[in-house]
Amino acid sequence: MKLAIVLGTRPEIIKMAPVIKELERRIVDFSILHTGQHYSYNLDRVFFEQLKLPQSKYNLEVGSGSHAEETGKMLVGIENVLLEEKPDVVLVEGDTNSVLAGALAASKLHIKVGHVEAGLRSYDRNMPEEINRVLTDHCSDYLFAPTEKAKDTLLGEGIPDDKIFVTGNTIVDAVYQNVEIAREQGNVLTVNRINHPPSPRGRELERGGNDSLVVEPGKYFLLTLHRQENVDNQERFASILKGLDSIAGEFHLPLIYPIHPRSRKMIKRFNLEPGNLQLIEPLDFLSFLQLESNARLVLTDSGGVQEESCILGVPCVTLRDNTERPETLEAGSNILAGTTPERILECTQIMLGKKNNWPNPFGDGIAGQRIVNILMEADL
Ligand code: UD1
Ligand code: UDP
């Protein structure tokens, strides 16, 4: 069996890592095709280095652009590579433009497609990720659904039962494999601020040096915010920032924001005020896991962070109107706050009162092994 793994962004690298590790362990013939959708060191290379992943054999270096520009360039580049490599299966993970391009290019060449994290739906077609998910699922041959709920969704859309495999989510593998290593980094949580916003009102935050801050476990909030529909819309972004600023004030805890370059660009473009937020550069995976597992609460619009906070037992407030991860709402680890300041504050209050003894609905941490087993046993 010969595999090609197509990936291009931070979450794909993190969530495909357990599959890649398993392929290496089983000495399967595979190559990695990186689209180059993410290219900044701290969104890309750092994860290859830290997770000790093999080099990509190809990098298309498509960079950033409109959806059509990104996806179009990827399609052409991926097709060329697949014609040369002739893999039996192309594996993709998640819902980005790189995923759609990989699945589409492969299926048009009659190469089998395996979709890791299949069957997620927000039912919000305004999100580019939703289009990518639906189209990818419908041209895939092996649909690796993380939960029974995701499988039911796929069955409901007419996808045959024998194409769907419930494996758990590889994010559990990634968290379990790395969280202890992250904790061994020590209890001192130091972050390096991008700038010097006004001092937070809380005293929990000490200065740990010129531009670095030391935070205590359980005494800070962690924020990630980068979705196109949130940060590319000035009114929405401003409304969320207002809500976040009021939280930092109300609860007297610092709010740490490893800021995605998209959001940084848009804050500047809209001339928005990050107020009490402590902006830091995007973090490597181990540092992020350490900050996340020790946070009092997480606020996010990220898919992966909703899952990780659920797995780590940290309450989550999701800054969106919907989620393709309803399992987290059912477990009780997550709440949908939308984007108005009042509701963000209210939801934070609710989640701070929660007992964090919810179950983990995303599996047992061996999804990567299951996926490789299924592919090895497949009739290719
Ligand atoms: C993409 C995915 C999103 C995923 C996110 C993970 C799509 C449609 N969106 O969003 O689902 O949650 O990745 O982080 O595929 N930029 C850099 N350096 C980089 C990459 C991007 O500075 O390495 C900046 C550029 O200004 C770029 C902007 O970020 O225009 C957006 O990048 P893009 O890859 O188009 O989308 P993401 O917001 O990263
Ligand atoms: N993450 C990270 N450093 C950061 C922020 C996030 O390593 O500064 C990791 C996080 O642990 C999770 C993944 O990135 O595994 C989530 O990716 P992202 O939010 O970019 O994309 P999404 O999950 O929304 O598609």
# chains A, B, ... in the order shown; residues from 1 in each chain; ligands from 1
$ residues_near_ligand --ligand "ligand 2" --cutoff "6 Å" --atoms "only C-alpha atoms and all ligand atoms" --output "VMD selection string"
chain A and resid 10 to 11 14 258 282 to 285 288 to 289 302 to 305
$ write_last_selection --atoms "all heavy atoms" --output "mmCIF file, in the first residue's frame"
data_model
loop_
_atom_site.group_PDB
_atom_site.id
_atom_site.type_symbol
_atom_site.label_atom_id
_atom_site.label_comp_id
_atom_site.auth_asym_id
_atom_site.auth_seq_id
_atom_site.Cartn_x
_atom_site.Cartn_y
_atom_site.Cartn_z
ATOM 1 N N ARG A 10 -1.929 24.375 10.505
ATOM 2 C CA ARG A 10 -1.608 23.976 11.886
ATOM 3 C C ARG A 10 -2.445 22.804 12.407
ATOM 4 O O ARG A 10 -1.873 21.794 12.843
ATOM 5 C CB ARG A 10 -1.757 25.217 12.789
ATOM 6 C CG ARG A 10 -1.692 24.930 14.272
ATOM 7 C CD ARG A 10 -1.576 26.209 15.077
ATOM 8 N NE ARG A 10 -2.796 26.984 15.132
ATOM 9 C CZ ARG A 10 -2.912 28.194 15.700
ATOM 10 N NH1 ARG A 10 -1.855 28.776 16.247
ATOM 11 N NH2 ARG A 10 -4.057 28.843 15.718
ATOM 12 N N PRO A 11 -3.790 22.912 12.387
ATOM 13 C CA PRO A 11 -4.543 21.807 12.988
ATOM 14 C C PRO A 11 -4.380 20.495 12.236
ATOM 15 O O PRO A 11 -4.439 19.413 12.845
ATOM 16 C CB PRO A 11 -5.998 22.292 12.951
ATOM 17 C CG PRO A 11 -6.026 23.364 11.912
ATOM 18 C CD PRO A 11 -4.674 23.986 11.946
ATOM 19 N N ILE A 14 -1.142 18.860 13.469
ATOM 20 C CA ILE A 14 -1.298 18.317 14.832
ATOM 21 C C ILE A 14 -2.156 17.052 14.819
ATOM 22 O O ILE A 14 -1.816 16.047 15.441
ATOM 23 C CB ILE A 14 -1.919 19.389 15.760
ATOM 24 C CG1 ILE A 14 -0.936 20.547 15.957
ATOM 25 C CG2 ILE A 14 -2.349 18.787 17.099
ATOM 26 C CD1 ILE A 14 -1.512 21.769 16.660
ATOM 27 N N PRO A 258 -2.816 34.031 22.365
ATOM 28 C CA PRO A 258 -1.852 33.765 21.295
ATOM 29 C C PRO A 258 -2.543 34.077 19.971
ATOM 30 O O PRO A 258 -3.412 33.337 19.535
ATOM 31 C CB PRO A 258 -1.561 32.254 21.433
ATOM 32 C CG PRO A 258 -2.340 31.771 22.627
ATOM 33 C CD PRO A 258 -3.377 32.798 22.942
ATOM 34 N N PRO A 282 1.582 33.175 18.341
ATOM 35 C CA PRO A 282 1.063 31.796 18.337
ATOM 36 C C PRO A 282 2.099 30.871 18.960
ATOM 37 O O PRO A 282 3.300 31.030 18.747
ATOM 38 C CB PRO A 282 0.880 31.481 16.847
ATOM 39 C CG PRO A 282 0.791 32.800 16.175
ATOM 40 C CD PRO A 282 1.615 33.759 17.002
ATOM 41 N N LEU A 283 1.624 29.898 19.718
ATOM 42 C CA LEU A 283 2.534 29.038 20.484
ATOM 43 C C LEU A 283 2.773 27.701 19.795
ATOM 44 O O LEU A 283 1.931 27.224 19.039
ATOM 45 C CB LEU A 283 1.937 28.764 21.865
ATOM 46 C CG LEU A 283 1.839 29.973 22.793
ATOM 47 C CD1 LEU A 283 0.961 29.633 23.992
ATOM 48 C CD2 LEU A 283 3.218 30.424 23.253
ATOM 49 N N ASP A 284 3.900 27.088 20.160
ATOM 50 C CA ASP A 284 4.120 25.703 19.775
ATOM 51 C C ASP A 284 3.120 24.832 20.521
ATOM 52 O O ASP A 284 2.482 25.282 21.484
ATOM 53 C CB ASP A 284 5.563 25.300 20.128
ATOM 54 C CG ASP A 284 5.795 25.386 21.623
ATOM 55 O OD1 ASP A 284 5.542 24.386 22.295
ATOM 56 O OD2 ASP A 284 6.185 26.462 22.125
ATOM 57 N N PHE A 285 2.975 23.570 20.113
ATOM 58 C CA PHE A 285 1.916 22.711 20.660
ATOM 59 C C PHE A 285 2.101 22.437 22.159
ATOM 60 O O PHE A 285 1.154 22.527 22.941
ATOM 61 C CB PHE A 285 1.870 21.404 19.869
ATOM 62 C CG PHE A 285 0.672 20.543 20.181
ATOM 63 C CD1 PHE A 285 -0.610 21.069 20.220
ATOM 64 C CD2 PHE A 285 0.829 19.188 20.432
ATOM 65 C CE1 PHE A 285 -1.720 20.271 20.509
ATOM 66 C CE2 PHE A 285 -0.268 18.371 20.711
ATOM 67 C CZ PHE A 285 -1.548 18.921 20.750
ATOM 68 N N PHE A 288 1.316 25.477 24.175
ATOM 69 C CA PHE A 288 -0.121 25.751 24.149
ATOM 70 C C PHE A 288 -0.868 24.774 25.051
ATOM 71 O O PHE A 288 -1.741 25.174 25.828
ATOM 72 C CB PHE A 288 -0.674 25.693 22.720
ATOM 73 C CG PHE A 288 -2.103 26.170 22.666
ATOM 74 C CD1 PHE A 288 -2.416 27.512 22.643
ATOM 75 C CD2 PHE A 288 -3.156 25.249 22.680
ATOM 76 C CE1 PHE A 288 -3.732 27.945 22.639
ATOM 77 C CE2 PHE A 288 -4.477 25.675 22.676
ATOM 78 C CZ PHE A 288 -4.762 27.028 22.652
ATOM 79 N N LEU A 289 -0.501 23.489 24.970
ATOM 80 C CA LEU A 289 -1.160 22.482 25.822
ATOM 81 C C LEU A 289 -0.945 22.796 27.296
ATOM 82 O O LEU A 289 -1.852 22.635 28.113
ATOM 83 C CB LEU A 289 -0.582 21.091 25.542
ATOM 84 C CG LEU A 289 -1.186 20.274 24.417
ATOM 85 C CD1 LEU A 289 -0.536 18.897 24.377
ATOM 86 C CD2 LEU A 289 -2.701 20.130 24.552
ATOM 87 N N SER A 302 -12.087 28.241 17.880
ATOM 88 C CA SER A 302 -11.380 27.151 17.203
ATOM 89 C C SER A 302 -12.108 25.829 17.394
ATOM 90 O O SER A 302 -12.662 25.566 18.465
ATOM 91 C CB SER A 302 -9.968 27.044 17.793
ATOM 92 O OG SER A 302 -9.444 25.740 17.645
ATOM 93 N N GLY A 303 -12.061 24.982 16.380
ATOM 94 C CA GLY A 303 -12.645 23.653 16.509
ATOM 95 C C GLY A 303 -11.812 22.776 17.432
ATOM 96 O O GLY A 303 -12.309 22.191 18.395
ATOM 97 N N GLY A 304 -10.513 22.724 17.156
ATOM 98 C CA GLY A 304 -9.618 21.866 17.925
ATOM 99 C C GLY A 304 -9.576 22.249 19.397
ATOM 100 O O GLY A 304 -9.489 21.374 20.268
ATOM 101 N N VAL A 305 -9.647 23.530 19.687
ATOM 102 C CA VAL A 305 -9.560 23.967 21.084
ATOM 103 C C VAL A 305 -10.838 23.600 21.847
ATOM 104 O O VAL A 305 -10.781 23.261 23.032
ATOM 105 C CB VAL A 305 -9.224 25.477 21.158
ATOM 106 C CG1 VAL A 305 -9.246 25.973 22.598
ATOM 107 C CG2 VAL A 305 -7.851 25.745 20.540
#
$ residues_near_ligand --ligand "ligand 1" --cutoff "8 Å" --atoms "only C-alpha atoms and all ligand atoms" --output "MDAnalysis selection string"
chainID A and resid 9:11 36:44 63:67 70 95:99 128:129 132 226:228 260:263 265 302:303
$ closest_residue --among "A:Asp379, A:Asn360, A:Leu23, A:Val175" --to "Glu330 in chain A" --atoms "only C-alpha atoms"
A:Asn360
$ closest_residue --among "A:Asn271, A:Ser107, A:Thr71, A:Ser333" --to "Pro87 in chain A" --atoms "only C-alpha atoms"
A:Ser107
$ atom_distance --atom1 "CA of Glu61 in chain A" --atom2 "CA of Val6 in chain A"
12.9 Å
$ select_by_dssp --residues "range 160-369 of chain A" --states "helix (DSSP H, G or I)" --output "number ranges by chain"
A: 161-163, 170-184, 228-231, 234-251, 261-270, 285-294, 303-312, 326-331, 341-352, 367-369
$ atom_distance --atom1 "CA of Lys57 in chain A" --atom2 "CA of Ile366 in chain A"
26.0 Å
$ closest_residue --among "A:Gly365, A:Tyr58, A:Val81, A:Glu216" --to "Ala295 in chain A" --atoms "only C-alpha atoms"
A:Glu216
$ select_by_dssp --residues "range 100-305 of chain A" --states "strand (DSSP E or B)" --output "VMD selection string"
chain A and resid 112 to 116 142 to 145 164 to 166 189 to 193 206 to 207 212 to 215 221 to 224 255 to 258 277 to 280 297 to 300
$ residues_around --residues "Glu307 in chain A" --least-positions-apart "4" --cutoff "8 Å" --atoms "only C-alpha atoms" --output "ChimeraX atom specification"
/A:171,303,311,325,328,362
$ write_last_selection --atoms "N, CA and C atoms" --output "PDB file, in the first residue's frame"
ATOM      1  N   ILE A 171      -7.222  13.914  17.817  1.00  0.00           N
ATOM      2  CA  ILE A 171      -6.776  14.958  18.757  1.00  0.00           C
ATOM      3  C   ILE A 171      -6.573  14.354  20.148  1.00  0.00           C
ATOM      4  N   GLY A 303     -12.061  24.982  16.380  1.00  0.00           N
ATOM      5  CA  GLY A 303     -12.645  23.653  16.509  1.00  0.00           C
ATOM      6  C   GLY A 303     -11.812  22.776  17.432  1.00  0.00           C
ATOM      7  N   ILE A 311     -11.341  17.477  26.541  1.00  0.00           N
ATOM      8  CA  ILE A 311     -10.485  16.342  26.917  1.00  0.00           C
ATOM      9  C   ILE A 311      -9.681  16.668  28.180  1.00  0.00           C
ATOM     10  N   ARG A 325     -19.075  20.632  16.790  1.00  0.00           N
ATOM     11  CA  ARG A 325     -18.663  19.704  17.860  1.00  0.00           C
ATOM     12  C   ARG A 325     -19.733  19.670  18.955  1.00  0.00           C
ATOM     13  N   THR A 328     -19.389  18.334  22.665  1.00  0.00           N
ATOM     14  CA  THR A 328     -18.842  19.110  23.800  1.00  0.00           C
ATOM     15  C   THR A 328     -19.963  19.799  24.572  1.00  0.00           C
ATOM     16  N   PHE A 362     -14.561  11.916  22.738  1.00  0.00           N
ATOM     17  CA  PHE A 362     -13.814  11.853  21.477  1.00  0.00           C
ATOM     18  C   PHE A 362     -12.909  10.630  21.335  1.00  0.00           C
TER      19      PHE A 362
END
$ closest_residue --among "A:Ser239, A:Thr170, A:Ser122, A:Thr190" --to "Arg343 in chain A" --atoms "only C-alpha atoms"
A:Ser239
$ residues_around --residues "Asp245 in chain A" --least-positions-apart "5" --cutoff "7 Å" --atoms "only C-alpha atoms" --output "list of chain:residue names"
A:Gly275, A:Asn276, A:Leu277
$ write_last_selection --atoms "N, CA and C atoms" --output "PDB file, in the first residue's frame"
ATOM      1  N   GLY A 275      -7.592  46.210  24.331  1.00  0.00           N
ATOM      2  CA  GLY A 275      -7.925  46.458  25.740  1.00  0.00           C
ATOM      3  C   GLY A 275      -7.052  45.674  26.695  1.00  0.00           C
ATOM      4  N   ASN A 276      -7.688  44.913  27.587  1.00  0.00           N
ATOM      5  CA  ASN A 276      -6.984  44.187  28.639  1.00  0.00           C
ATOM      6  C   ASN A 276      -6.353  42.880  28.180  1.00  0.00           C
ATOM      7  N   LEU A 277      -6.479  42.532  26.900  1.00  0.00           N
ATOM      8  CA  LEU A 277      -5.949  41.245  26.447  1.00  0.00           C
ATOM      9  C   LEU A 277      -4.419  41.253  26.438  1.00  0.00           C
TER      10      LEU A 277
END
$ closest_residue --among "A:Asp29, A:Asp162, A:Asp301, A:Glu184" --to "Val231 in chain A" --atoms "only C-alpha atoms"
A:Asp301
$ atom_distance --atom1 "CA of Leu291 in chain A" --atom2 "CA of Pro217 in chain A"
8.2 Å
$ closest_residue --among "A:Val76, A:Val314, A:Ala248, A:Val113" --to "Thr35 in chain A" --atoms "only C-alpha atoms"
A:Val76
$ residues_around --residues "Val90 in chain A" --least-positions-apart "5" --cutoff "12 Å" --atoms "only C-alpha atoms" --output "ChimeraX atom specification"
/A:1-7,30-33,78-79,81-82,85,99-116,136,139-142,375
$ write_last_selection --atoms "N, CA and C atoms" --output "compact mmCIF listing (two decimals), in the first residue's frame"
# COMPACT_ATOMS: atom_id res chain seq x y z
N MET A 1 0.85 -1.20 0.00
CA MET A 1 0.00 0.00 0.00
C MET A 1 0.88 1.25 0.00
N LYS A 2 0.48 2.20 -0.83
CA LYS A 2 1.23 3.46 -0.88
C LYS A 2 0.26 4.61 -0.57
N LEU A 3 0.66 5.45 0.38
CA LEU A 3 -0.21 6.54 0.81
C LEU A 3 0.40 7.89 0.49
N ALA A 4 -0.48 8.86 0.22
CA ALA A 4 -0.02 10.25 0.19
C ALA A 4 -0.87 11.01 1.21
N ILE A 5 -0.19 11.78 2.05
CA ILE A 5 -0.90 12.58 3.05
C ILE A 5 -0.84 14.02 2.58
N VAL A 6 -2.02 14.61 2.39
CA VAL A 6 -2.06 16.02 1.99
C VAL A 6 -2.44 16.83 3.22
N LEU A 7 -1.63 17.83 3.55
CA LEU A 7 -1.95 18.72 4.67
C LEU A 7 -1.43 20.12 4.36
N PHE A 30 4.71 5.92 2.66
CA PHE A 30 3.87 7.13 2.55
C PHE A 30 4.74 8.35 2.29
N SER A 31 4.11 9.39 1.72
CA SER A 31 4.82 10.66 1.59
C SER A 31 3.88 11.79 1.97
N ILE A 32 4.46 12.88 2.42
CA ILE A 32 3.66 14.04 2.84
C ILE A 32 3.74 15.12 1.78
N LEU A 33 2.56 15.58 1.39
CA LEU A 33 2.47 16.69 0.44
C LEU A 33 1.89 17.88 1.19
N ILE A 78 -1.41 19.62 -6.55
CA ILE A 78 -1.64 18.28 -6.00
C ILE A 78 -1.80 17.27 -7.14
N GLU A 79 -2.52 17.66 -8.17
CA GLU A 79 -2.71 16.74 -9.31
C GLU A 79 -1.37 16.31 -9.90
N VAL A 81 1.55 16.18 -8.47
CA VAL A 81 2.27 15.28 -7.56
C VAL A 81 1.63 13.89 -7.58
N LEU A 82 0.31 13.84 -7.56
CA LEU A 82 -0.36 12.53 -7.52
C LEU A 82 -0.10 11.74 -8.79
N GLU A 85 3.41 10.39 -8.09
CA GLU A 85 3.53 9.46 -6.95
C GLU A 85 2.67 8.21 -7.10
N VAL A 99 -7.65 20.53 2.57
CA VAL A 99 -8.37 19.26 2.64
C VAL A 99 -9.26 19.09 1.41
N LEU A 100 -10.00 20.12 1.10
CA LEU A 100 -10.89 20.03 -0.06
C LEU A 100 -10.07 19.80 -1.34
N ALA A 101 -8.99 20.56 -1.48
CA ALA A 101 -8.18 20.42 -2.69
C ALA A 101 -7.61 19.01 -2.80
N GLY A 102 -7.12 18.48 -1.69
CA GLY A 102 -6.54 17.12 -1.69
C GLY A 102 -7.58 16.09 -2.09
N ALA A 103 -8.75 16.19 -1.50
CA ALA A 103 -9.81 15.21 -1.76
C ALA A 103 -10.30 15.30 -3.21
N LEU A 104 -10.47 16.52 -3.68
CA LEU A 104 -11.01 16.72 -5.02
C LEU A 104 -10.00 16.28 -6.10
N ALA A 105 -8.76 16.68 -5.92
CA ALA A 105 -7.73 16.30 -6.91
C ALA A 105 -7.62 14.78 -6.98
N ALA A 106 -7.60 14.13 -5.83
CA ALA A 106 -7.44 12.67 -5.81
C ALA A 106 -8.64 11.97 -6.42
N SER A 107 -9.84 12.38 -6.02
CA SER A 107 -11.01 11.63 -6.49
C SER A 107 -11.19 11.77 -8.00
N LYS A 108 -10.80 12.91 -8.57
CA LYS A 108 -10.89 13.08 -10.03
C LYS A 108 -9.88 12.20 -10.77
N LEU A 109 -8.83 11.81 -10.04
CA LEU A 109 -7.85 10.89 -10.65
C LEU A 109 -8.18 9.44 -10.30
N HIS A 110 -9.34 9.22 -9.69
CA HIS A 110 -9.79 7.88 -9.27
C HIS A 110 -8.85 7.26 -8.25
N ILE A 111 -8.26 8.13 -7.45
CA ILE A 111 -7.45 7.65 -6.31
C ILE A 111 -8.35 7.69 -5.09
N LYS A 112 -8.30 6.64 -4.29
CA LYS A 112 -9.17 6.58 -3.11
C LYS A 112 -8.80 7.67 -2.11
N VAL A 113 -9.84 8.21 -1.46
CA VAL A 113 -9.65 9.29 -0.49
C VAL A 113 -10.08 8.83 0.89
N GLY A 114 -9.21 9.05 1.87
CA GLY A 114 -9.56 8.80 3.27
C GLY A 114 -9.69 10.13 3.99
N HIS A 115 -10.85 10.37 4.61
CA HIS A 115 -11.05 11.64 5.32
C HIS A 115 -11.07 11.40 6.82
N VAL A 116 -10.03 11.90 7.47
CA VAL A 116 -9.95 11.81 8.93
C VAL A 116 -10.75 12.98 9.51
N THR A 136 -15.82 17.30 0.88
CA THR A 136 -14.78 16.28 1.12
C THR A 136 -15.43 14.95 1.50
N CYS A 139 -16.84 13.06 -1.45
CA CYS A 139 -15.99 12.42 -2.47
C CYS A 139 -14.97 11.49 -1.82
N SER A 140 -15.21 11.12 -0.56
CA SER A 140 -14.28 10.22 0.13
C SER A 140 -14.73 8.77 0.05
N ASP A 141 -13.76 7.87 0.17
CA ASP A 141 -14.04 6.43 0.15
C ASP A 141 -13.95 5.82 1.53
N TYR A 142 -13.10 6.41 2.37
CA TYR A 142 -12.97 5.95 3.77
C TYR A 142 -13.27 7.16 4.62
N LEU A 375 -6.93 0.91 6.93
CA LEU A 375 -6.33 1.07 5.60
C LEU A 375 -5.50 -0.16 5.21
$ residues_around --residues "Glu157 in chain A" --least-positions-apart "4" --cutoff "9 Å" --atoms "only C-alpha atoms" --output "list in words"
His138, Asp152 and Thr153 of chain A
$ write_last_selection --atoms "N, CA, C and O atoms" --output "tab-separated table (two decimals), in the first residue's frame"
chain	number	residue	atom	x	y	z
A	138	HIS	N	-18.27	13.86	0.75
A	138	HIS	CA	-19.02	13.24	-0.35
A	138	HIS	C	-18.13	12.76	-1.50
A	138	HIS	O	-18.62	12.12	-2.42
A	152	ASP	N	-23.74	9.00	12.27
A	152	ASP	CA	-25.17	9.15	11.99
A	152	ASP	C	-25.42	10.28	11.00
A	152	ASP	O	-26.29	10.20	10.13
A	153	THR	N	-24.67	11.34	11.16
A	153	THR	CA	-24.82	12.49	10.24
A	153	THR	C	-24.52	12.03	8.81
A	153	THR	O	-25.25	12.36	7.86
$ decode --residues "range 24-92 of chain A" --atoms "C-alpha atoms" --output "PDB file, in the first residue's frame"
ATOM      1  CA  GLU A  24       6.179   5.135  10.478  1.00  0.00           C
ATOM      2  CA  ARG A  25       5.919   2.490  13.215  1.00  0.00           C
ATOM      3  CA  ARG A  26       4.305   0.016  10.801  1.00  0.00           C
ATOM      4  CA  ILE A  27       6.788   0.899   8.029  1.00  0.00           C
ATOM      5  CA  VAL A  28       4.078   1.818   5.540  1.00  0.00           C
ATOM      6  CA  ASP A  29       5.148   3.551   2.327  1.00  0.00           C
ATOM      7  CA  PHE A  30       3.866   7.129   2.545  1.00  0.00           C
ATOM      8  CA  SER A  31       4.824  10.658   1.586  1.00  0.00           C
ATOM      9  CA  ILE A  32       3.663  14.041   2.842  1.00  0.00           C
ATOM     10  CA  LEU A  33       2.469  16.690   0.436  1.00  0.00           C
ATOM     11  CA  HIS A  34       2.302  20.091   2.119  1.00  0.00           C
ATOM     12  CA  THR A  35       0.213  22.647   0.270  1.00  0.00           C
ATOM     13  CA  GLY A  36       1.968  25.596   1.918  1.00  0.00           C
ATOM     14  CA  GLN A  37      -1.339  27.150   3.026  1.00  0.00           C
ATOM     15  CA  HIS A  38       0.371  27.832   6.363  1.00  0.00           C
ATOM     16  CA  TYR A  39       4.004  28.868   6.028  1.00  0.00           C
ATOM     17  CA  SER A  40       4.909  31.075   9.026  1.00  0.00           C
ATOM     18  CA  TYR A  41       7.324  29.197  11.289  1.00  0.00           C
ATOM     19  CA  ASN A  42       4.956  29.234  14.269  1.00  0.00           C
ATOM     20  CA  LEU A  43       1.978  27.913  12.285  1.00  0.00           C
ATOM     21  CA  ASP A  44       3.891  25.236  10.420  1.00  0.00           C
ATOM     22  CA  ARG A  45       7.532  24.211  10.864  1.00  0.00           C
ATOM     23  CA  VAL A  46       7.451  24.362  14.663  1.00  0.00           C
ATOM     24  CA  PHE A  47       4.933  21.496  14.742  1.00  0.00           C
ATOM     25  CA  PHE A  48       6.999  19.280  12.424  1.00  0.00           C
ATOM     26  CA  GLU A  49      10.028  19.846  14.647  1.00  0.00           C
ATOM     27  CA  GLN A  50       8.301  19.455  17.990  1.00  0.00           C
ATOM     28  CA  LEU A  51       6.221  16.414  17.024  1.00  0.00           C
ATOM     29  CA  LYS A  52       9.260  14.911  15.259  1.00  0.00           C
ATOM     30  CA  LEU A  53       7.452  14.429  11.982  1.00  0.00           C
ATOM     31  CA  PRO A  54       9.258  13.498   8.772  1.00  0.00           C
ATOM     32  CA  GLN A  55       9.917  16.237   6.223  1.00  0.00           C
ATOM     33  CA  SER A  56       7.269  16.873   3.603  1.00  0.00           C
ATOM     34  CA  LYS A  57       8.401  15.349   0.323  1.00  0.00           C
ATOM     35  CA  TYR A  58       6.622  18.134  -1.558  1.00  0.00           C
ATOM     36  CA  ASN A  59       5.682  21.681  -0.607  1.00  0.00           C
ATOM     37  CA  LEU A  60       3.504  23.511  -3.121  1.00  0.00           C
ATOM     38  CA  GLU A  61       4.075  26.873  -1.378  1.00  0.00           C
ATOM     39  CA  VAL A  62       0.671  28.205  -2.396  1.00  0.00           C
ATOM     40  CA  GLY A  63       0.675  30.760   0.454  1.00  0.00           C
ATOM     41  CA  SER A  64      -2.310  32.956   1.271  1.00  0.00           C
ATOM     42  CA  GLY A  65      -4.999  34.284  -1.036  1.00  0.00           C
ATOM     43  CA  SER A  66      -8.714  34.241  -1.720  1.00  0.00           C
ATOM     44  CA  HIS A  67     -10.457  30.900  -1.379  1.00  0.00           C
ATOM     45  CA  ALA A  68     -10.381  30.378  -5.142  1.00  0.00           C
ATOM     46  CA  GLU A  69      -6.723  31.364  -5.406  1.00  0.00           C
ATOM     47  CA  GLU A  70      -5.646  29.058  -2.597  1.00  0.00           C
ATOM     48  CA  THR A  71      -7.791  26.090  -3.632  1.00  0.00           C
ATOM     49  CA  GLY A  72      -7.141  26.511  -7.361  1.00  0.00           C
ATOM     50  CA  LYS A  73      -3.348  26.593  -7.002  1.00  0.00           C
ATOM     51  CA  MET A  74      -3.488  23.599  -4.690  1.00  0.00           C
ATOM     52  CA  LEU A  75      -5.610  21.558  -7.102  1.00  0.00           C
ATOM     53  CA  VAL A  76      -3.139  22.005  -9.927  1.00  0.00           C
ATOM     54  CA  GLY A  77      -0.121  21.296  -7.740  1.00  0.00           C
ATOM     55  CA  ILE A  78      -1.641  18.275  -5.995  1.00  0.00           C
ATOM     56  CA  GLU A  79      -2.715  16.740  -9.306  1.00  0.00           C
ATOM     57  CA  ASN A  80       0.844  16.966 -10.639  1.00  0.00           C
ATOM     58  CA  VAL A  81       2.270  15.275  -7.563  1.00  0.00           C
ATOM     59  CA  LEU A  82      -0.360  12.532  -7.517  1.00  0.00           C
ATOM     60  CA  LEU A  83       0.284  11.731 -11.164  1.00  0.00           C
ATOM     61  CA  GLU A  84       3.937  11.253 -10.301  1.00  0.00           C
ATOM     62  CA  GLU A  85       3.531   9.463  -6.949  1.00  0.00           C
ATOM     63  CA  LYS A  86       0.577   7.251  -7.918  1.00  0.00           C
ATOM     64  CA  PRO A  87      -0.570   6.509  -4.348  1.00  0.00           C
ATOM     65  CA  ASP A  88      -3.337   3.999  -3.595  1.00  0.00           C
ATOM     66  CA  VAL A  89      -4.937   6.335  -1.074  1.00  0.00           C
ATOM     67  CA  VAL A  90      -4.797  10.051  -0.314  1.00  0.00           C
ATOM     68  CA  LEU A  91      -5.405  10.953   3.324  1.00  0.00           C
ATOM     69  CA  VAL A  92      -6.696  14.344   4.416  1.00  0.00           C
TER      70      VAL A  92
END
